[in-house]
$ cat model_36.tsv   # TSV, C-alpha atoms
chain	number	residue	atom	x	y	z
T	1	MET	CA	0.00	0.00	0.00
T	2	SER	CA	1.91	3.01	-1.26
T	3	ASP	CA	-0.81	5.60	-0.80
T	4	PRO	CA	-0.17	7.30	2.58
T	5	ASP	CA	-3.85	8.11	2.89
T	6	VAL	CA	-4.76	4.42	2.64
T	7	THR	CA	-2.14	3.34	5.16
T	8	SER	CA	-3.33	6.08	7.48
T	9	ARG	CA	-6.94	4.82	7.18
T	10	VAL	CA	-5.88	1.25	7.91
T	11	ALA	CA	-3.74	2.32	10.87
T	12	LEU	CA	-6.59	4.37	12.29
T	13	ALA	CA	-9.03	1.46	11.98
T	14	ALA	CA	-6.58	-1.04	13.49
T	15	HIS	CA	-5.88	1.27	16.42
T	16	GLU	CA	-9.54	1.93	17.21
T	17	LEU	CA	-10.55	-1.74	16.79
T	18	LEU	CA	-7.78	-2.98	19.01
T	19	GLU	CA	-8.51	-0.42	21.68
T	20	ASN	CA	-12.17	-1.48	21.69
T	21	ALA	CA	-11.32	-5.17	21.84
T	22	VAL	CA	-8.95	-4.66	24.78
T	23	LYS	CA	-11.51	-2.52	26.59
T	24	TYR	CA	-14.36	-5.01	26.28
T	25	SER	CA	-12.49	-8.31	26.52
T	26	THR	CA	-13.73	-10.26	29.53
T	27	ASP	CA	-10.59	-12.37	29.95
T	28	GLY	CA	-7.92	-9.85	28.97
T	29	GLU	CA	-7.18	-11.64	25.68
T	30	THR	CA	-7.59	-10.06	22.28
T	31	ASN	CA	-6.62	-11.11	18.76
T	32	ILE	CA	-6.11	-8.86	15.79
T	33	ARG	CA	-5.58	-9.98	12.22
T	34	VAL	CA	-4.97	-7.82	9.16
T	35	ASP	CA	-5.38	-9.32	5.67
T	36	VAL	CA	-4.46	-7.48	2.50
T	37	THR	CA	-5.42	-9.47	-0.60
T	38	PRO	CA	-4.85	-8.31	-4.18
T	39	GLY	CA	-7.97	-8.34	-6.35
T	40	ASP	CA	-9.01	-6.98	-9.72
T	41	GLY	CA	-7.35	-3.56	-9.65
T	42	VAL	CA	-7.90	-3.25	-5.93
T	43	LEU	CA	-6.57	-4.47	-2.62
T	44	HIS	CA	-9.09	-6.07	-0.28
T	45	VAL	CA	-8.25	-4.94	3.22
T	46	CYS	CA	-9.79	-6.73	6.17
T	47	ILE	CA	-8.99	-6.06	9.82
T	48	ARG	CA	-10.55	-8.34	12.43
T	49	THR	CA	-10.40	-8.31	16.17
T	50	ARG	CA	-11.73	-11.07	18.41
T	51	ASN	CA	-12.43	-10.99	22.10
T	52	LYS	CA	-14.71	-12.66	24.62
T	53	SER	CA	-17.57	-10.41	25.61
T	54	THR	CA	-20.47	-10.29	28.06
T	55	THR	CA	-24.00	-10.95	26.75
T	56	THR	CA	-24.97	-7.41	27.79
T	57	ASN	CA	-22.17	-5.88	25.72
T	58	MET	CA	-22.99	-8.11	22.75
T	59	ALA	CA	-26.61	-6.96	22.87
T	60	LEU	CA	-25.49	-3.31	23.04
T	61	LEU	CA	-23.15	-3.91	20.11
T	62	ARG	CA	-25.98	-5.42	18.04
T	63	GLU	CA	-28.14	-2.40	18.84
T	64	TYR	CA	-25.27	-0.12	17.83
T	65	PHE	CA	-24.84	-1.87	14.47
T	66	ASP	CA	-28.60	-1.67	13.86
T	67	ASP	CA	-28.50	2.08	14.51
T	68	MET	CA	-25.53	2.47	12.20
T	69	LYS	CA	-27.35	0.62	9.39
T	70	GLU	CA	-30.33	2.96	9.83
T	71	MET	CA	-28.16	5.96	9.08
T	72	PRO	CA	-27.12	5.92	5.43
T	73	ASP	CA	-24.15	8.18	5.93
T	74	PRO	CA	-21.29	7.21	8.28
T	75	LEU	CA	-20.16	10.81	8.78
T	76	LEU	CA	-23.58	11.86	10.01
T	77	PHE	CA	-23.72	8.84	12.31
T	78	TYR	CA	-20.29	9.71	13.69
T	79	THR	CA	-21.04	13.39	14.21
T	80	GLU	CA	-24.27	12.45	15.99
T	81	LEU	CA	-22.24	10.23	18.31
T	82	MET	CA	-19.75	13.03	18.91
T	83	ALA	CA	-22.51	15.52	19.64
T	84	LYS	CA	-24.19	13.30	22.26
T	85	LYS	CA	-24.20	15.13	25.57
T	86	SER	CA	-22.81	12.11	27.39
T	87	LYS	CA	-19.18	12.35	28.54
T	88	SER	CA	-18.73	8.74	27.50
T	89	SER	CA	-16.98	8.03	24.23
T	90	GLU	CA	-18.50	4.56	23.82
T	91	GLY	CA	-19.02	3.62	20.21
T	92	LEU	CA	-17.09	6.63	18.99
T	93	GLY	CA	-14.14	4.54	17.80
T	94	LEU	CA	-16.29	2.32	15.56
T	95	GLY	CA	-18.13	5.35	14.21
T	96	ARG	CA	-14.78	6.93	13.45
T	97	ILE	CA	-13.64	3.87	11.49
T	98	ALA	CA	-16.73	4.06	9.30
T	99	ALA	CA	-16.58	7.83	8.81
T	100	GLU	CA	-12.88	8.64	8.69
T	101	ALA	CA	-11.25	5.39	7.65
T	102	GLU	CA	-14.14	4.78	5.23
T	103	MET	CA	-14.27	1.08	6.09
T	104	ALA	CA	-17.38	-1.07	6.27
T	105	LEU	CA	-18.01	-2.65	9.66
T	106	ALA	CA	-19.58	-5.95	10.59
T	107	MET	CA	-20.09	-7.87	13.79
T	108	VAL	CA	-19.99	-11.67	13.94
T	109	VAL	CA	-20.52	-13.88	16.96
T	110	VAL	CA	-17.94	-16.57	16.27
T	111	GLU	CA	-18.90	-19.01	18.98
T	112	GLY	CA	-20.51	-18.63	22.38
T	113	ASP	CA	-19.23	-15.40	23.85
T	114	MET	CA	-16.49	-14.74	21.27
T	115	VAL	CA	-17.26	-11.68	19.18
T	116	GLU	CA	-15.46	-10.62	16.01
T	117	ILE	CA	-15.53	-7.12	14.55
T	118	ARG	CA	-14.48	-6.75	10.92
T	119	ALA	CA	-13.51	-3.59	9.12
T	120	THR	CA	-13.21	-4.01	5.36
T	121	ALA	CA	-12.45	-1.82	2.38
T	122	ASP	CA	-11.39	-2.20	-1.21
T	123	VAL	CA	-8.68	0.30	-1.96
T	124	PRO	CA	-7.32	1.15	-5.39
T	125	LEU	CA	-3.85	-0.05	-6.25
T	126	GLU	CA	-2.94	3.48	-7.31
T	127	PRO	CA	-3.44	6.60	-5.20
T	128	SER	CA	-7.06	7.60	-5.64
T	129	PHE	CA	-6.67	11.34	-5.41
T	130	ALA	CA	-3.96	13.94	-5.32
T	131	ASP	CA	-4.94	16.29	-2.56
T	132	GLY	CA	-8.44	15.26	-1.56
T	133	ARG	CA	-10.00	18.48	-2.78
T	134	VAL	CA	-13.45	18.65	-4.28
T	135	THR	CA	-14.70	21.78	-5.94
T	136	VAL	CA	-18.41	22.28	-6.39
T	137	THR	CA	-19.95	25.35	-7.93
T	138	LEU	CA	-23.54	26.01	-6.95
T	139	VAL	CA	-25.44	28.50	-9.04
T	140	GLY	CA	-28.88	30.00	-8.49
T	141	THR	CA	-31.05	29.93	-5.40
T	142	ALA	CA	-30.35	28.08	-2.18
T	143	ASP	CA	-33.41	25.94	-2.78
T	144	VAL	CA	-32.13	22.37	-2.96
T	145	ARG	CA	-34.61	19.96	-4.49
T	146	VAL	CA	-33.68	16.36	-3.77
T	147	THR	CA	-37.09	14.78	-4.30
T	148	ALA	CA	-35.78	12.53	-7.06
T	149	LEU	CA	-32.41	11.84	-5.49
T	150	GLU	CA	-32.19	8.14	-4.75
T	151	PHE	CA	-28.92	8.17	-2.82
T	152	MET	CA	-26.07	10.43	-1.87
T	153	ASN	CA	-22.77	9.08	-0.62
T	154	SER	CA	-20.79	10.48	2.29
T	155	SER	CA	-18.35	12.44	0.10
T	156	CYS	CA	-21.22	14.38	-1.45
T	157	MET	CA	-22.79	14.83	1.97
T	158	LYS	CA	-19.51	16.32	3.23
T	159	THR	CA	-19.70	18.87	0.42
T	160	PHE	CA	-23.04	20.03	1.78
T	161	VAL	CA	-21.57	20.22	5.29
T	162	THR	CA	-18.77	22.40	3.91
T	163	TRP	CA	-21.27	24.58	2.07
T	164	ILE	CA	-23.33	25.09	5.22
T	165	GLY	CA	-20.11	25.92	7.06
T	166	LEU	CA	-19.24	28.59	4.49
T	167	ASP	CA	-22.70	30.07	4.88
T	168	GLN	CA	-22.32	30.08	8.68
T	169	GLY	CA	-18.98	31.83	8.33
T	170	LEU	CA	-20.53	34.80	6.49
T	171	GLU	CA	-21.42	37.99	8.29
T	172	ALA	CA	-25.00	37.84	9.63
T	173	ASP	CA	-26.43	40.16	6.97
T	174	LYS	CA	-24.85	38.13	4.18
T	175	GLN	CA	-26.00	34.69	5.35
T	176	TYR	CA	-28.72	33.01	3.34
T	177	LYS	CA	-31.22	30.27	4.11
T	178	ILE	CA	-30.79	26.81	2.63
T	179	ARG	CA	-34.02	24.93	2.09
T	180	PHE	CA	-34.00	21.24	1.21
T	181	ARG	CA	-37.11	19.95	-0.54
T	182	SER	CA	-37.07	16.24	0.21
T	183	ASN	CA	-39.04	13.19	-0.74
T	184	PRO	CA	-40.72	11.69	2.39
T	185	GLU	CA	-40.89	8.33	0.67
T	186	ILE	CA	-37.11	8.09	0.49
T	187	HIS	CA	-36.22	7.08	4.02
T	188	TRP	CA	-32.51	8.03	4.08
T	189	GLN	CA	-33.32	11.62	3.12
T	190	ARG	CA	-35.28	12.32	6.30
T	191	ARG	CA	-32.49	11.17	8.63
T	192	SER	CA	-29.60	12.58	6.65
T	193	LEU	CA	-31.15	15.95	5.90
T	194	HIS	CA	-32.37	16.46	9.46
T	195	ALA	CA	-28.88	15.60	10.70
T	196	LEU	CA	-27.51	18.15	8.21
T	197	SER	CA	-29.98	20.78	9.41
T	198	ARG	CA	-28.71	20.36	12.96
T	199	PHE	CA	-25.37	21.84	11.91
T	200	ALA	CA	-27.12	25.18	11.42
T	201	ALA	CA	-30.74	25.04	12.56
T	202	ASP	CA	-31.16	28.78	11.98
T	203	LEU	CA	-30.08	28.55	8.34
T	204	VAL	CA	-31.12	25.13	7.12
T	205	THR	CA	-34.67	23.86	6.81
T	206	VAL	CA	-36.02	20.61	5.42
T	207	GLU	CA	-39.41	20.43	3.79
T	208	PRO	CA	-41.10	17.18	2.89
C	1	MET	CA	-0.70	28.69	35.03
C	2	ILE	CA	-1.72	25.34	33.65
C	3	ALA	CA	0.54	22.38	34.31
C	4	VAL	CA	1.91	20.32	31.45
C	5	LEU	CA	-0.05	17.09	30.94
C	6	ASN	CA	2.31	14.15	30.64
C	7	HIS	CA	1.47	10.51	29.98
C	8	THR	CA	3.78	7.80	28.60
C	9	ASP	CA	4.65	9.25	25.19
C	10	PHE	CA	2.07	12.04	25.15
C	11	THR	CA	2.46	15.66	26.23
C	12	ALA	CA	-0.01	18.54	26.22
C	13	ARG	CA	1.38	21.99	26.86
C	14	TYR	CA	-0.37	25.37	27.07
C	15	GLU	CA	1.63	28.49	26.26
C	16	GLY	CA	-0.16	31.82	25.76
C	17	ASP	CA	-3.31	30.92	23.79
C	18	ARG	CA	-1.49	28.04	22.13
C	19	VAL	CA	-1.96	24.36	22.93
C	20	VAL	CA	0.79	22.05	21.73
C	21	LEU	CA	0.14	18.29	21.63
C	22	THR	CA	3.00	15.84	21.12
C	23	GLY	CA	3.17	12.04	20.77
C	24	THR	CA	0.28	9.55	20.90
C	25	ALA	CA	-2.93	10.35	22.78
C	26	ASP	CA	-4.48	6.99	23.65
C	27	ALA	CA	-7.64	6.05	25.54
C	28	GLN	CA	-5.89	6.04	28.92
C	29	ILE	CA	-5.21	9.77	28.79
C	30	ALA	CA	-8.66	10.68	27.38
C	31	PRO	CA	-10.42	11.70	30.65
C	32	GLU	CA	-7.40	13.73	31.81
C	33	LEU	CA	-7.03	15.43	28.44
C	34	ALA	CA	-10.74	16.37	28.42
C	35	ALA	CA	-10.43	17.92	31.91
C	36	TRP	CA	-7.18	19.65	30.92
C	37	LEU	CA	-8.77	21.21	27.82
C	38	LEU	CA	-11.60	22.57	29.96
C	39	GLU	CA	-8.97	24.08	32.27
C	40	VAL	CA	-7.43	25.77	29.24
C	41	HIS	CA	-10.89	27.04	28.27
C	42	ALA	CA	-11.40	28.47	31.78
C	43	GLU	CA	-8.07	30.29	31.47
C	44	GLY	CA	-9.71	32.35	28.64
C	45	PRO	CA	-10.87	34.60	27.04
C	46	HIS	CA	-8.58	33.35	24.19
C	47	GLN	CA	-9.51	36.25	21.96
C	48	PRO	CA	-9.67	36.02	19.02
C	49	GLU	CA	-8.59	32.38	18.89
C	50	LEU	CA	-7.00	29.43	20.62
C	51	VAL	CA	-4.37	27.72	18.49
C	52	VAL	CA	-4.02	23.94	18.74
C	53	ASP	CA	-0.73	22.78	17.29
C	54	LEU	CA	-0.83	19.14	16.15
C	55	GLU	CA	2.37	19.16	14.12
C	56	ARG	CA	4.06	16.69	16.44
C	57	LEU	CA	0.97	14.65	17.30
C	58	GLU	CA	1.34	11.13	15.93
C	59	PHE	CA	-2.09	9.78	16.73
C	60	MET	CA	-5.16	10.61	18.76
C	61	THR	CA	-7.79	8.08	19.68
C	62	ALA	CA	-11.55	8.70	19.41
C	63	GLY	CA	-11.85	9.04	23.20
C	64	CYS	CA	-9.44	11.99	23.11
C	65	ILE	CA	-11.32	13.59	20.22
C	66	LYS	CA	-14.33	13.60	22.54
C	67	GLY	CA	-12.31	15.97	24.76
C	68	PHE	CA	-12.20	18.47	21.91
C	69	VAL	CA	-15.94	18.03	21.40
C	70	ALA	CA	-16.39	18.98	25.08
C	71	LEU	CA	-14.17	22.03	24.55
C	72	ILE	CA	-16.27	23.13	21.56
C	73	GLU	CA	-19.46	22.67	23.60
C	74	ALA	CA	-17.96	24.76	26.41
C	75	ILE	CA	-17.11	27.54	23.94
C	76	GLN	CA	-20.63	27.40	22.49
C	77	GLN	CA	-22.09	27.85	25.97
C	78	SER	CA	-19.64	30.58	26.92
C	79	PRO	CA	-20.68	34.27	26.71
C	80	THR	CA	-17.32	35.07	25.12
C	81	SER	CA	-16.94	32.85	22.13
C	82	TYR	CA	-13.61	32.30	20.37
C	83	ARG	CA	-12.32	30.27	17.47
C	84	VAL	CA	-10.19	27.14	17.75
C	85	ARG	CA	-7.57	27.08	15.00
C	86	PHE	CA	-5.95	23.70	14.42
C	87	VAL	CA	-2.47	23.54	12.92
C	88	PRO	CA	-2.20	20.01	11.51
C	89	ASN	CA	0.79	18.05	10.36
C	90	PRO	CA	0.35	17.88	6.58
C	91	THR	CA	1.99	14.46	6.40
C	92	ALA	CA	-0.36	12.91	8.98
C	93	THR	CA	-3.34	12.39	6.68
C	94	TRP	CA	-5.55	11.07	9.50
C	95	GLN	CA	-5.49	14.55	11.02
C	96	ARG	CA	-7.14	16.08	7.96
C	97	ARG	CA	-9.97	13.54	8.14
C	98	SER	CA	-10.40	13.81	11.92
C	99	LEU	CA	-10.37	17.60	11.97
C	100	ALA	CA	-12.84	17.80	9.09
C	101	ALA	CA	-15.25	15.61	11.08
C	102	LEU	CA	-14.72	17.74	14.18
C	103	ALA	CA	-15.33	20.92	12.19
C	104	CYS	CA	-18.71	19.54	11.16
C	105	LEU	CA	-19.87	20.09	14.74
C	106	ALA	CA	-19.16	23.81	14.70
C	107	SER	CA	-17.78	25.06	11.43
C	108	ASN	CA	-18.18	28.64	12.66
C	109	LEU	CA	-15.80	28.00	15.59
C	110	VAL	CA	-13.30	25.55	14.14
C	111	THR	CA	-10.73	26.47	11.52
C	112	ILE	CA	-8.03	24.24	10.09
C	113	ASP	CA	-4.82	25.63	8.62
C	114	ASN	CA	-3.83	24.35	5.20
$ encode --input "model_36.tsv" --output "structure tokens"
Amino acid sequence: MSDPDVTSRVALAAHELLENAVKYSTDGETNIRVDVTPGDGVLHVCIRTRNKSTTTNMALLREYFDDMKEMPDPLLFYTELMAKKSKSSEGLGLGRIAAEAEMALAMVVVEGDMVEIRATADVPLEPSFADGRVTVTLVGTADVRVTALEFMNSSCMKTFVTWIGLDQGLEADKQYKIRFRSNPEIHWQRRSLHALSRFAADLVTVEP
Amino acid sequence: MIAVLNHTDFTARYEGDRVVLTGTADAQIAPELAAWLLEVHAEGPHQPELVVDLERLEFMTAGCIKGFVALIEAIQQSPTSYRVRFVPNPTATWQRRSLAALACLASNLVTIDN
């Protein structure tokens, strides 16, 4: 893996997974395994940790994974976790892996009380981008109609977060309202757009 | 005067509206770092900004990032608001990703140097 961004993502995921496994292991033992397998133009990366866990923690973990699946965008899920008023950072590490390391997460009960967490990603063999910059030019009104938008990935969602941030950074008399017109029948839109609106409740509104 | 926070290979230092973090901030230091950052906040008013230098920070775990979330919340609740300007290490690409996520919480308070 020659791309420093990819190695950084893998290191971040390995660190957070291992820390979690050590924290929740009931017998003090933890295993970590990292597989990097060449595929068709990509490398399949899989990091797994195994540890024995209590039934209570396994149930909480299942609930956590269900919540994560409900939220279509990992960054929004992670920022919601960060914004929770609780001083606890439980679950933050896994959320970070999904959002920052851009790795898919899965939980498997291997046998009895042994739980395995997997973080996987397919990464290109060549560096995927030069400097990570995305430039989007938005023209016209700040009326964003997404009624026919079937899905938006986290990179595009981040662009909206940046846009809202730019709006927030303007002097009060230069700020403008951003109104999303959503489709109530598309489930992900409600959660994602409402999470977006929380970044700037005074500027962003969501209409069904 | 705020004492230097030392733990294994991690150091947090506060010098005149500038926080300098060095080494690896793991889960063990997370509660102390969170309390330390709130001490720095209380030392305020940090006008116009508090600089957080991460140039020598090798890694920070999610638990420690939560400490910065608490700092941002404290600033939001404070009558005298100020910006937090992060100075990342351009070669530590995880920092760019982590700071971008943190900035999502309060893009009006958090700035990240290029």
$ interface_residues --input "model_36.tsv" --of "chain C" --to "chain T" --cutoff "12 Å" --atoms "all atoms listed in the file" --output "PyMOL selection string"
chain C and resi 24-28+30-31+34-35+58-74+83+90-111+114
$ closest_residue --input "model_36.tsv" --among "C:Val84, C:Leu57, C:Val51, C:Val4" --to "C:Glu39" --atoms "all atoms listed in the file"
C:Val4
$ atom_distance --input "model_36.tsv" --atom1 "atom CA of C:His46" --atom2 "atom CA of C:Asn89"
22.7 Å
$ residues_around --input "model_36.tsv" --residues "T:Val144" --least-positions-apart "5" --cutoff "12 Å" --atoms "all atoms listed in the file" --output "PDB file with C-alpha atoms, keeping the file's coordinate frame"
ATOM      1  CA  LEU T 138     -23.540  26.010  -6.950  1.00  0.00           C
ATOM      2  CA  VAL T 139     -25.440  28.500  -9.040  1.00  0.00           C
ATOM      3  CA  LEU T 149     -32.410  11.840  -5.490  1.00  0.00           C
ATOM      4  CA  PHE T 160     -23.040  20.030   1.780  1.00  0.00           C
ATOM      5  CA  LYS T 177     -31.220  30.270   4.110  1.00  0.00           C
ATOM      6  CA  ILE T 178     -30.790  26.810   2.630  1.00  0.00           C
ATOM      7  CA  ARG T 179     -34.020  24.930   2.090  1.00  0.00           C
ATOM      8  CA  PHE T 180     -34.000  21.240   1.210  1.00  0.00           C
ATOM      9  CA  ARG T 181     -37.110  19.950  -0.540  1.00  0.00           C
ATOM     10  CA  SER T 182     -37.070  16.240   0.210  1.00  0.00           C
ATOM     11  CA  ASN T 183     -39.040  13.190  -0.740  1.00  0.00           C
ATOM     12  CA  LEU T 193     -31.150  15.950   5.900  1.00  0.00           C
ATOM     13  CA  VAL T 204     -31.120  25.130   7.120  1.00  0.00           C
ATOM     14  CA  THR T 205     -34.670  23.860   6.810  1.00  0.00           C
ATOM     15  CA  VAL T 206     -36.020  20.610   5.420  1.00  0.00           C
ATOM     16  CA  GLU T 207     -39.410  20.430   3.790  1.00  0.00           C
ATOM     17  CA  PRO T 208     -41.100  17.180   2.890  1.00  0.00           C
TER      18      PRO T 208
END
$ atom_distance --input "model_36.tsv" --atom1 "atom CA of C:Gln77" --atom2 "atom CA of C:Trp36"
17.7 Å
$ atom_distance --input "model_36.tsv" --atom1 "atom CA of C:Ala3" --atom2 "atom CA of C:Glu15"
10.2 Å
$ decode --input "model_36.tsv" --residues "stretch 47-58 of chain C" --atoms "N, CA and C atoms" --output "PDB file, in the first residue's frame"
ATOM      1  N   GLN C  47      -9.048  35.435  23.082  1.00  0.00           N
ATOM      2  CA  GLN C  47      -9.509  36.252  21.956  1.00  0.00           C
ATOM      3  C   GLN C  47      -8.358  36.569  21.013  1.00  0.00           C
ATOM      4  N   PRO C  48      -8.458  36.482  19.727  1.00  0.00           N
ATOM      5  CA  PRO C  48      -9.666  36.022  19.025  1.00  0.00           C
ATOM      6  C   PRO C  48      -9.710  34.504  18.842  1.00  0.00           C
ATOM      7  N   GLU C  49      -8.583  33.816  19.175  1.00  0.00           N
ATOM      8  CA  GLU C  49      -8.585  32.384  18.889  1.00  0.00           C
ATOM      9  C   GLU C  49      -7.623  31.627  19.796  1.00  0.00           C
ATOM     10  N   LEU C  50      -7.918  30.342  19.934  1.00  0.00           N
ATOM     11  CA  LEU C  50      -7.000  29.430  20.621  1.00  0.00           C
ATOM     12  C   LEU C  50      -6.373  28.564  19.525  1.00  0.00           C
ATOM     13  N   VAL C  51      -5.063  28.517  19.518  1.00  0.00           N
ATOM     14  CA  VAL C  51      -4.371  27.722  18.491  1.00  0.00           C
ATOM     15  C   VAL C  51      -4.055  26.340  19.069  1.00  0.00           C
ATOM     16  N   VAL C  52      -4.347  25.310  18.298  1.00  0.00           N
ATOM     17  CA  VAL C  52      -4.019  23.942  18.738  1.00  0.00           C
ATOM     18  C   VAL C  52      -3.032  23.357  17.726  1.00  0.00           C
ATOM     19  N   ASP C  53      -1.814  23.225  18.173  1.00  0.00           N
ATOM     20  CA  ASP C  53      -0.729  22.780  17.289  1.00  0.00           C
ATOM     21  C   ASP C  53      -0.611  21.249  17.348  1.00  0.00           C
ATOM     22  N   LEU C  54      -0.862  20.605  16.206  1.00  0.00           N
ATOM     23  CA  LEU C  54      -0.829  19.136  16.148  1.00  0.00           C
ATOM     24  C   LEU C  54       0.354  18.637  15.310  1.00  0.00           C
ATOM     25  N   GLU C  55       1.291  19.535  15.043  1.00  0.00           N
ATOM     26  CA  GLU C  55       2.369  19.162  14.118  1.00  0.00           C
ATOM     27  C   GLU C  55       3.205  17.988  14.600  1.00  0.00           C
ATOM     28  N   ARG C  56       3.266  17.811  15.927  1.00  0.00           N
ATOM     29  CA  ARG C  56       4.060  16.687  16.443  1.00  0.00           C
ATOM     30  C   ARG C  56       3.173  15.629  17.108  1.00  0.00           C
ATOM     31  N   LEU C  57       1.892  15.652  16.746  1.00  0.00           N
ATOM     32  CA  LEU C  57       0.969  14.654  17.299  1.00  0.00           C
ATOM     33  C   LEU C  57       0.903  13.464  16.331  1.00  0.00           C
ATOM     34  N   GLU C  58       1.289  12.301  16.822  1.00  0.00           N
ATOM     35  CA  GLU C  58       1.344  11.130  15.929  1.00  0.00           C
ATOM     36  C   GLU C  58      -0.009  10.465  15.754  1.00  0.00           C
TER      37      GLU C  58
END
